[in-house]
Amino acid sequence: MPITPAESLELRNLTVHYGASCALDAVSLFVEPGEFVSILGPSGCGKSTLLRAIAGLERASAGAVMIGGAEVTDNAPKVRGVAFVFQSYALYPHMTCRQNIAAPLEMTQLSSAARLRALGWLVPGARATKEKIAEKVMQTAHLLQIEPILDRFPSAVSGGQQQRVALARALIREPKLFLLDEPLANLDAALRHQTRFELRALQKRVGATTLFVTHDQAEAMAMSDRVVVMFGGRIRQIGTPDELYRAPVDLEVAQFLSQPHLNVIPAHVLRQAAGDRTGAGSIEIQGKPLGELSGVVAIRPEHAAIRPVTRPGLPGPLITVEMIEHGGVSAYVYARLDADGRKIVVRVSSDEIPNWEPGSKAILEFSLNAAHVFEDASDTDQTRAVA
Amino acid sequence: MTNKATHRQNSVFGVILSMPAALLLLVLLIVPSTLVLALSFTDYQFGMDSFDWVGLRNYAALTDLSGIRNSIANTVIYVLIVTPISIFGALWLAILIERQGSLGGLFRTVFFLPVTATLVAMAAAWEVVLHPNFGIANVLLDVIGVEKQRFLSDPNLALPTLMGIGLWRNLGYNMLLFLAGLATIDRTLYEAAALDGADAGWRRFTLVTWPMLAPITLFVAVITLIRSFSEFETIAVLTLGGPNGATEMILYTIYQEAFRFFDIGKASALAVVFLATVAAISIVKLRFFDRRIHRG
């Protein structure tokens with residue numbers, strides 16, 4: 001499919017105010033041509049506002065939006081050359097899927113008179129344009145494999161098909177920039193998984209620069225070249241999925257990226273339980289000696305392990321199992337730290353489920369190299385059980 | 001309990017629940033309409049003890065009477081002019097007012113006021129406004145140098161004047177319905193339209209606003225049509241059908257036949273024709289447009 005060459009996107013201190021509150025606070029970002037970038041953050045972090053400001057649906061209070069090196073900050077949405085796929089798809093319910101897909105071209109290439117079904121043929125050139133549009137619709141529909149449903153109304157096709165129609169309507173304009181606002185959020189789990197794969201393949205094929213907003217970290221990690229993590233209207237971290245996983249910039253980002261939970265233990269609690277040295281020397285977490293550590297240590301469930309208190313091993317914090325959750329090949333043990341009652345989650349093989357009855361005591365172990373240390377993070381743990 | 005028993009219980013419960021509405025419908029609509037239909041085949045006169053069946057004679061008489069033909073003609077003209085202006089004018093007002101930020105509330109109130117007041121009282125107020133000598137309308141005409149008009153007693157002006165009052169009343173009501181309809185349109189459709197190149201004016205209206213308003217427009221059209229056909233109060237208060245029959249309309253004629261000439265049979269026949277016409281137009285409209293609105 002012919003597509004205009006991908007363009008870069010640059011944001012310079014882009015700021016959006018809603019009345020007194022600041023939805024977007026001096027966001028700067030550069031996206032390479034053809035890149036697939038996810039914008040990840042909890043609801044209300046400004047990620048949708050960011051996308052809408054790029055599209056021109058939201059007025060920037062300050063800063064600049066540059067597409068392909070040209071400033072478009074004050075341009076109307078229709079002249080920015082961006083396509084936007086809404087979470088709700090926003091298909092026109094009174095038009096067939098075919099008419100929906102054709103709408104952007106009909107609106108920009110045909111005059112009002114030419115669009116009339118009864119009089120359109122009187123307008124010179126309208127017929128040729130209409131034929132060209134019809135052909136383009138077929139090409140786009142073929143790309144998304146939705147030819148069979150073209151003459152149905154959006155309400156008569158499935159959610160996944162509606163999503164494809166919305167994608168087709170976006171693609172047909174050959175946009176310089178492809179903006180997707182949680183397009184997978186309304187699909188069921190199986191379809192979501194399949195669609196995210198197809199979406200990425202489609203993006204590779206058409207090569208359009210793509211911004212993808214999501215609150216699902218797994219989705220962002222799976223699809224993106226780079227991920228932008230946003231909190232409270234600001235960008236917290238930009239990096240490849242691997243960089244985010246290995247080196248989250250702060251505790252909040254680490255917590256957001258770690259599902260279903262990030263174990264956060266203050267260094268002094270860990271010291272009390274495990275001491276700061278073994279027979280082999282001082283304990284070091286990511287190269288830092290535990291004896292001198294301040295702040296907190298964060299451990300992902302997949303980097304933690306537990307062993308029964310009766311089995312010998314290195315000393316470690318004592319925990320009490322509360323429940324265990326089956327997750328297919330692995331299972332999550334939910335437990336409380338005996339020292340202060342905070343929540344601990346450990347991933348184990350689902351074969352081990354019978355070993356961990358609620359109430360059983362265990363010792364928490366973790367990989368010293370995979371744990372993260374946030375020395376200046378204060379212990380804001382809210383998970384402690386009320387004794 | 002078996003499924004069948006549950007089903008039967010449900011349907012019994014359903015019948016019980018619909019009883020009050022069904023009863024009211026019967027007492028207020030079906031029984032009176034049936035009686036009117038029956039009376040239209042009689043020569044019953046108001047206050048008489050007995051009547052005879054006369055078959056279709058009342059209906060035949062309707063076509064003969066020039067007074068009734070005049071009344072029907074007036075009604076048709078009135079409906080053809082007042083209905084479309086009431087619908088599209090109200091739509092236009094609603095769109096203008098919706099875009100108004102701070103003044104929207106004021107305009108909404110101003111246009112809706114006529115709906116809140118009793119029309120008979122309002123008609124009396126209009127009588128003062130339109131008074132040939134000291135009415136404010138003529139004072140204003142005088143100011144701009146136009147000759148004074150006898151709005152309600154000039155045969156050429158009486159019907160248009162009533163149309164004006166009808167519009168004044170319908171616009172506010174319809175506008176409010178359209179405003180409610182506009183408020184329910186999904187904002188993201190407008191945003192999608194803005195990205196698709198229809199960000200304002202006629203393109204946006206034809207792509208989103210008008211199609212999305214179709215259900216409410218249908219409702220407004222049917223309601224306005226019925227209201228226009230049943231124009232009565234302004235005639236009864238302002239013109240009494242005059243001057244010289246210039247403002248005779250069907251409902252007023254029915255009323256006169258029944259309660260001034262006490263010819264219940266003829267009035268009933270006229271009422272039946274009236275009811276059948278309005279119902280037929282409404283049903284055709286609903287049938288035709290409903291399919292187009294709720295397709296897919």
# chains A, B, ... in the order shown; residues from 1 in each chain; ligands from 1

call {"tool": "interface_residues", "arguments": {"of": "chain A", "to": "chain B", "cutoff": "9 Å", "atoms": "only C-alpha atoms", "output": "JSON, numbers by chain"}}
result
{"A": [55, 56, 57, 76, 77, 78, 79, 80, 81, 82, 83, 84, 85, 86, 88, 89, 90, 91, 92, 93, 94, 96, 103, 104, 105, 106, 107, 108, 112, 152, 153, 154, 155, 156, 169, 170, 173]}

call {"tool": "residues_around", "arguments": {"residues": "A:Gln217", "least_positions_apart": "4", "cutoff": "8 Å", "atoms": "only C-alpha atoms", "output": "PDB file with N, CA and C atoms, in the first residue's frame"}}
result
ATOM      1  N   LEU A  40       2.555   5.383  28.271  1.00  0.00           N
ATOM      2  CA  LEU A  40       2.050   4.498  29.313  1.00  0.00           C
ATOM      3  C   LEU A  40       1.896   5.289  30.600  1.00  0.00           C
ATOM      4  N   MET A 221       4.921  -2.832  26.628  1.00  0.00           N
ATOM      5  CA  MET A 221       6.200  -3.531  26.546  1.00  0.00           C
ATOM      6  C   MET A 221       6.247  -4.424  25.311  1.00  0.00           C
ATOM      7  N   PHE A 256       4.726   0.838  38.815  1.00  0.00           N
ATOM      8  CA  PHE A 256       3.732   0.789  37.755  1.00  0.00           C
ATOM      9  C   PHE A 256       4.036  -0.318  36.754  1.00  0.00           C
ATOM     10  N   LEU A 257       5.332  -0.570  36.544  1.00  0.00           N
ATOM     11  CA  LEU A 257       5.712  -1.557  35.537  1.00  0.00           C
ATOM     12  C   LEU A 257       5.715  -2.978  36.076  1.00  0.00           C
TER      13      LEU A 257
END

call {"tool": "residues_around", "arguments": {"residues": "stretch 10-20 of chain A", "least_positions_apart": "6", "cutoff": "6 Å", "atoms": "only C-alpha atoms", "output": "PyMOL selection string"}}
result
chain A and resi 26-30+60-66

call {"tool": "residues_around", "arguments": {"residues": "B:Gly164", "least_positions_apart": "6", "cutoff": "12 Å", "atoms": "only C-alpha atoms", "output": "ChimeraX atom specification"}}
result
/B:78,81-83,85-86,123,126,130,151-152,157-158,170-171,228,234

call {"tool": "select_by_dssp", "arguments": {"residues": "stretch 222-268 of chain B", "states": "helix (DSSP H, G or I)", "output": "ChimeraX atom specification"}}
result
/B:222-229,233-239,250-259,264-268

call {"tool": "residues_around", "arguments": {"residues": "stretch 235-241 of chain B", "least_positions_apart": "4", "cutoff": "8 Å", "atoms": "only C-alpha atoms", "output": "PDB file with C-alpha atoms, in the first residue's frame"}}
result
ATOM      1  CA  VAL B 120     -55.378  30.992  26.300  1.00  0.00           C
ATOM      2  CA  ALA B 123     -53.566  34.563  23.288  1.00  0.00           C
ATOM      3  CA  ALA B 124     -55.228  37.273  25.347  1.00  0.00           C
ATOM      4  CA  GLU B 127     -54.752  40.378  21.481  1.00  0.00           C
ATOM      5  CA  LEU B 152     -56.809  39.992  13.378  1.00  0.00           C
ATOM      6  CA  SER B 153     -59.621  41.512  11.357  1.00  0.00           C
ATOM      7  CA  ALA B 158     -55.629  37.026  10.074  1.00  0.00           C
ATOM      8  CA  LEU B 162     -52.236  33.094  13.739  1.00  0.00           C
ATOM      9  CA  GLU B 231     -54.757  24.563  16.447  1.00  0.00           C
ATOM     10  CA  GLY B 245     -64.111  32.272   7.830  1.00  0.00           C
ATOM     11  CA  ALA B 246     -60.526  33.282   7.079  1.00  0.00           C
ATOM     12  CA  THR B 247     -59.251  31.475  10.162  1.00  0.00           C
ATOM     13  CA  GLU B 248     -61.676  28.570  10.358  1.00  0.00           C
ATOM     14  CA  MET B 249     -59.696  25.419  11.094  1.00  0.00           C
ATOM     15  CA  TYR B 252     -62.580  24.827  15.718  1.00  0.00           C
TER      16      TYR B 252
END

call {"tool": "decode", "arguments": {"residues": "stretch 165-213 of chain B", "atoms": "N, CA and C atoms", "output": "PDB file, in the first residue's frame"}}
result
ATOM      1  N   ILE B 165     -48.249  33.359  15.624  1.00  0.00           N
ATOM      2  CA  ILE B 165     -48.395  32.996  17.040  1.00  0.00           C
ATOM      3  C   ILE B 165     -48.099  31.504  17.233  1.00  0.00           C
ATOM      4  N   GLY B 166     -48.556  30.690  16.282  1.00  0.00           N
ATOM      5  CA  GLY B 166     -48.276  29.257  16.360  1.00  0.00           C
ATOM      6  C   GLY B 166     -46.784  28.980  16.327  1.00  0.00           C
ATOM      7  N   LEU B 167     -46.081  29.686  15.445  1.00  0.00           N
ATOM      8  CA  LEU B 167     -44.624  29.522  15.363  1.00  0.00           C
ATOM      9  C   LEU B 167     -43.965  29.914  16.672  1.00  0.00           C
ATOM     10  N   TRP B 168     -44.396  31.048  17.175  1.00  0.00           N
ATOM     11  CA  TRP B 168     -43.834  31.583  18.418  1.00  0.00           C
ATOM     12  C   TRP B 168     -43.956  30.538  19.535  1.00  0.00           C
ATOM     13  N   ARG B 169     -45.077  29.809  19.520  1.00  0.00           N
ATOM     14  CA  ARG B 169     -45.292  28.818  20.560  1.00  0.00           C
ATOM     15  C   ARG B 169     -44.479  27.537  20.278  1.00  0.00           C
ATOM     16  N   ASN B 170     -44.484  27.078  19.016  1.00  0.00           N
ATOM     17  CA  ASN B 170     -43.829  25.808  18.687  1.00  0.00           C
ATOM     18  C   ASN B 170     -42.312  25.880  18.766  1.00  0.00           C
ATOM     19  N   LEU B 171     -41.766  27.037  18.361  1.00  0.00           N
ATOM     20  CA  LEU B 171     -40.314  27.136  18.257  1.00  0.00           C
ATOM     21  C   LEU B 171     -39.624  26.789  19.576  1.00  0.00           C
ATOM     22  N   GLY B 172     -40.119  27.373  20.667  1.00  0.00           N
ATOM     23  CA  GLY B 172     -39.471  27.159  21.957  1.00  0.00           C
ATOM     24  C   GLY B 172     -39.507  25.707  22.377  1.00  0.00           C
ATOM     25  N   TYR B 173     -40.657  25.114  22.185  1.00  0.00           N
ATOM     26  CA  TYR B 173     -40.825  23.715  22.581  1.00  0.00           C
ATOM     27  C   TYR B 173     -39.902  22.809  21.768  1.00  0.00           C
ATOM     28  N   ASN B 174     -39.936  22.982  20.451  1.00  0.00           N
ATOM     29  CA  ASN B 174     -39.093  22.159  19.585  1.00  0.00           C
ATOM     30  C   ASN B 174     -37.618  22.409  19.828  1.00  0.00           C
ATOM     31  N   MET B 175     -37.298  23.670  20.073  1.00  0.00           N
ATOM     32  CA  MET B 175     -35.903  24.016  20.316  1.00  0.00           C
ATOM     33  C   MET B 175     -35.367  23.268  21.531  1.00  0.00           C
ATOM     34  N   LEU B 176     -36.214  23.183  22.552  1.00  0.00           N
ATOM     35  CA  LEU B 176     -35.771  22.490  23.763  1.00  0.00           C
ATOM     36  C   LEU B 176     -35.526  21.012  23.470  1.00  0.00           C
ATOM     37  N   LEU B 177     -36.407  20.425  22.669  1.00  0.00           N
ATOM     38  CA  LEU B 177     -36.214  19.012  22.300  1.00  0.00           C
ATOM     39  C   LEU B 177     -34.915  18.839  21.509  1.00  0.00           C
ATOM     40  N   PHE B 178     -34.667  19.764  20.566  1.00  0.00           N
ATOM     41  CA  PHE B 178     -33.443  19.661  19.773  1.00  0.00           C
ATOM     42  C   PHE B 178     -32.209  19.870  20.644  1.00  0.00           C
ATOM     43  N   LEU B 179     -32.306  20.796  21.598  1.00  0.00           N
ATOM     44  CA  LEU B 179     -31.166  21.019  22.493  1.00  0.00           C
ATOM     45  C   LEU B 179     -30.852  19.741  23.263  1.00  0.00           C
ATOM     46  N   ALA B 180     -31.919  19.070  23.726  1.00  0.00           N
ATOM     47  CA  ALA B 180     -31.710  17.815  24.436  1.00  0.00           C
ATOM     48  C   ALA B 180     -31.059  16.795  23.506  1.00  0.00           C
ATOM     49  N   GLY B 181     -31.530  16.773  22.240  1.00  0.00           N
ATOM     50  CA  GLY B 181     -30.948  15.847  21.276  1.00  0.00           C
ATOM     51  C   GLY B 181     -29.488  16.164  21.002  1.00  0.00           C
ATOM     52  N   LEU B 182     -29.170  17.448  20.859  1.00  0.00           N
ATOM     53  CA  LEU B 182     -27.783  17.850  20.594  1.00  0.00           C
ATOM     54  C   LEU B 182     -26.870  17.437  21.742  1.00  0.00           C
ATOM     55  N   ALA B 183     -27.413  17.526  22.963  1.00  0.00           N
ATOM     56  CA  ALA B 183     -26.588  17.211  24.128  1.00  0.00           C
ATOM     57  C   ALA B 183     -26.221  15.728  24.178  1.00  0.00           C
ATOM     58  N   THR B 184     -27.018  14.889  23.520  1.00  0.00           N
ATOM     59  CA  THR B 184     -26.731  13.460  23.601  1.00  0.00           C
ATOM     60  C   THR B 184     -25.758  12.994  22.509  1.00  0.00           C
ATOM     61  N   ILE B 185     -25.388  13.883  21.597  1.00  0.00           N
ATOM     62  CA  ILE B 185     -24.472  13.455  20.528  1.00  0.00           C
ATOM     63  C   ILE B 185     -23.071  13.266  21.110  1.00  0.00           C
ATOM     64  N   ASP B 186     -22.506  12.126  20.819  1.00  0.00           N
ATOM     65  CA  ASP B 186     -21.179  11.769  21.313  1.00  0.00           C
ATOM     66  C   ASP B 186     -20.138  12.780  20.803  1.00  0.00           C
ATOM     67  N   ARG B 187     -19.446  13.438  21.750  1.00  0.00           N
ATOM     68  CA  ARG B 187     -18.455  14.455  21.365  1.00  0.00           C
ATOM     69  C   ARG B 187     -17.363  13.871  20.470  1.00  0.00           C
ATOM     70  N   THR B 188     -17.020  12.602  20.683  1.00  0.00           N
ATOM     71  CA  THR B 188     -15.917  12.045  19.895  1.00  0.00           C
ATOM     72  C   THR B 188     -16.293  11.968  18.412  1.00  0.00           C
ATOM     73  N   LEU B 189     -17.601  11.906  18.106  1.00  0.00           N
ATOM     74  CA  LEU B 189     -17.991  11.913  16.695  1.00  0.00           C
ATOM     75  C   LEU B 189     -17.616  13.243  16.056  1.00  0.00           C
ATOM     76  N   TYR B 190     -17.805  14.332  16.802  1.00  0.00           N
ATOM     77  CA  TYR B 190     -17.411  15.638  16.286  1.00  0.00           C
ATOM     78  C   TYR B 190     -15.900  15.712  16.117  1.00  0.00           C
ATOM     79  N   GLU B 191     -15.198  15.085  17.063  1.00  0.00           N
ATOM     80  CA  GLU B 191     -13.740  15.108  16.964  1.00  0.00           C
ATOM     81  C   GLU B 191     -13.271  14.282  15.779  1.00  0.00           C
ATOM     82  N   ALA B 192     -13.907  13.125  15.595  1.00  0.00           N
ATOM     83  CA  ALA B 192     -13.571  12.301  14.432  1.00  0.00           C
ATOM     84  C   ALA B 192     -13.854  13.087  13.157  1.00  0.00           C
ATOM     85  N   ALA B 193     -14.977  13.806  13.149  1.00  0.00           N
ATOM     86  CA  ALA B 193     -15.335  14.595  11.973  1.00  0.00           C
ATOM     87  C   ALA B 193     -14.310  15.698  11.730  1.00  0.00           C
ATOM     88  N   ALA B 194     -13.836  16.314  12.814  1.00  0.00           N
ATOM     89  CA  ALA B 194     -12.851  17.384  12.685  1.00  0.00           C
ATOM     90  C   ALA B 194     -11.574  16.850  12.043  1.00  0.00           C
ATOM     91  N   LEU B 195     -11.192  15.628  12.425  1.00  0.00           N
ATOM     92  CA  LEU B 195      -9.990  15.034  11.841  1.00  0.00           C
ATOM     93  C   LEU B 195     -10.237  14.602  10.400  1.00  0.00           C
ATOM     94  N   ASP B 196     -11.481  14.207  10.111  1.00  0.00           N
ATOM     95  CA  ASP B 196     -11.812  13.742   8.765  1.00  0.00           C
ATOM     96  C   ASP B 196     -12.050  14.893   7.802  1.00  0.00           C
ATOM     97  N   GLY B 197     -11.925  16.119   8.273  1.00  0.00           N
ATOM     98  CA  GLY B 197     -12.063  17.247   7.372  1.00  0.00           C
ATOM     99  C   GLY B 197     -13.404  17.947   7.457  1.00  0.00           C
ATOM    100  N   ALA B 198     -14.260  17.516   8.387  1.00  0.00           N
ATOM    101  CA  ALA B 198     -15.555  18.180   8.537  1.00  0.00           C
ATOM    102  C   ALA B 198     -15.575  18.838   9.910  1.00  0.00           C
ATOM    103  N   ASP B 199     -14.857  19.946  10.036  1.00  0.00           N
ATOM    104  CA  ASP B 199     -14.702  20.516  11.373  1.00  0.00           C
ATOM    105  C   ASP B 199     -15.643  21.673  11.640  1.00  0.00           C
ATOM    106  N   ALA B 200     -16.437  22.058  10.672  1.00  0.00           N
ATOM    107  CA  ALA B 200     -17.350  23.169  10.925  1.00  0.00           C
ATOM    108  C   ALA B 200     -18.422  23.215   9.861  1.00  0.00           C
ATOM    109  N   GLY B 201     -19.434  24.034  10.137  1.00  0.00           N
ATOM    110  CA  GLY B 201     -20.428  24.397   9.143  1.00  0.00           C
ATOM    111  C   GLY B 201     -21.205  23.237   8.552  1.00  0.00           C
ATOM    112  N   TRP B 202     -21.482  23.395   7.259  1.00  0.00           N
ATOM    113  CA  TRP B 202     -22.376  22.475   6.570  1.00  0.00           C
ATOM    114  C   TRP B 202     -21.825  21.049   6.576  1.00  0.00           C
ATOM    115  N   ARG B 203     -20.526  20.873   6.377  1.00  0.00           N
ATOM    116  CA  ARG B 203     -19.954  19.525   6.341  1.00  0.00           C
ATOM    117  C   ARG B 203     -20.172  18.809   7.665  1.00  0.00           C
ATOM    118  N   ARG B 204     -19.875  19.510   8.757  1.00  0.00           N
ATOM    119  CA  ARG B 204     -20.041  18.894  10.054  1.00  0.00           C
ATOM    120  C   ARG B 204     -21.516  18.583  10.321  1.00  0.00           C
ATOM    121  N   PHE B 205     -22.380  19.522   9.893  1.00  0.00           N
ATOM    122  CA  PHE B 205     -23.806  19.328  10.108  1.00  0.00           C
ATOM    123  C   PHE B 205     -24.303  18.093   9.365  1.00  0.00           C
ATOM    124  N   THR B 206     -23.894  17.936   8.108  1.00  0.00           N
ATOM    125  CA  THR B 206     -24.396  16.803   7.328  1.00  0.00           C
ATOM    126  C   THR B 206     -23.740  15.491   7.740  1.00  0.00           C
ATOM    127  N   LEU B 207     -22.497  15.552   8.218  1.00  0.00           N
ATOM    128  CA  LEU B 207     -21.811  14.298   8.566  1.00  0.00           C
ATOM    129  C   LEU B 207     -22.243  13.782   9.935  1.00  0.00           C
ATOM    130  N   VAL B 208     -22.435  14.687  10.889  1.00  0.00           N
ATOM    131  CA  VAL B 208     -22.709  14.228  12.252  1.00  0.00           C
ATOM    132  C   VAL B 208     -24.056  14.727  12.782  1.00  0.00           C
ATOM    133  N   THR B 209     -24.220  16.057  12.870  1.00  0.00           N
ATOM    134  CA  THR B 209     -25.351  16.606  13.604  1.00  0.00           C
ATOM    135  C   THR B 209     -26.703  16.112  13.083  1.00  0.00           C
ATOM    136  N   TRP B 210     -26.937  16.310  11.794  1.00  0.00           N
ATOM    137  CA  TRP B 210     -28.248  15.988  11.235  1.00  0.00           C
ATOM    138  C   TRP B 210     -28.559  14.494  11.343  1.00  0.00           C
ATOM    139  N   PRO B 211     -27.667  13.606  10.927  1.00  0.00           N
ATOM    140  CA  PRO B 211     -27.977  12.171  11.076  1.00  0.00           C
ATOM    141  C   PRO B 211     -28.177  11.754  12.534  1.00  0.00           C
ATOM    142  N   MET B 212     -27.390  12.336  13.433  1.00  0.00           N
ATOM    143  CA  MET B 212     -27.506  11.940  14.839  1.00  0.00           C
ATOM    144  C   MET B 212     -28.804  12.464  15.452  1.00  0.00           C
ATOM    145  N   LEU B 213     -29.328  13.555  14.869  1.00  0.00           N
ATOM    146  CA  LEU B 213     -30.568  14.129  15.392  1.00  0.00           C
ATOM    147  C   LEU B 213     -31.804  13.481  14.774  1.00  0.00           C
TER     148      LEU B 213
END
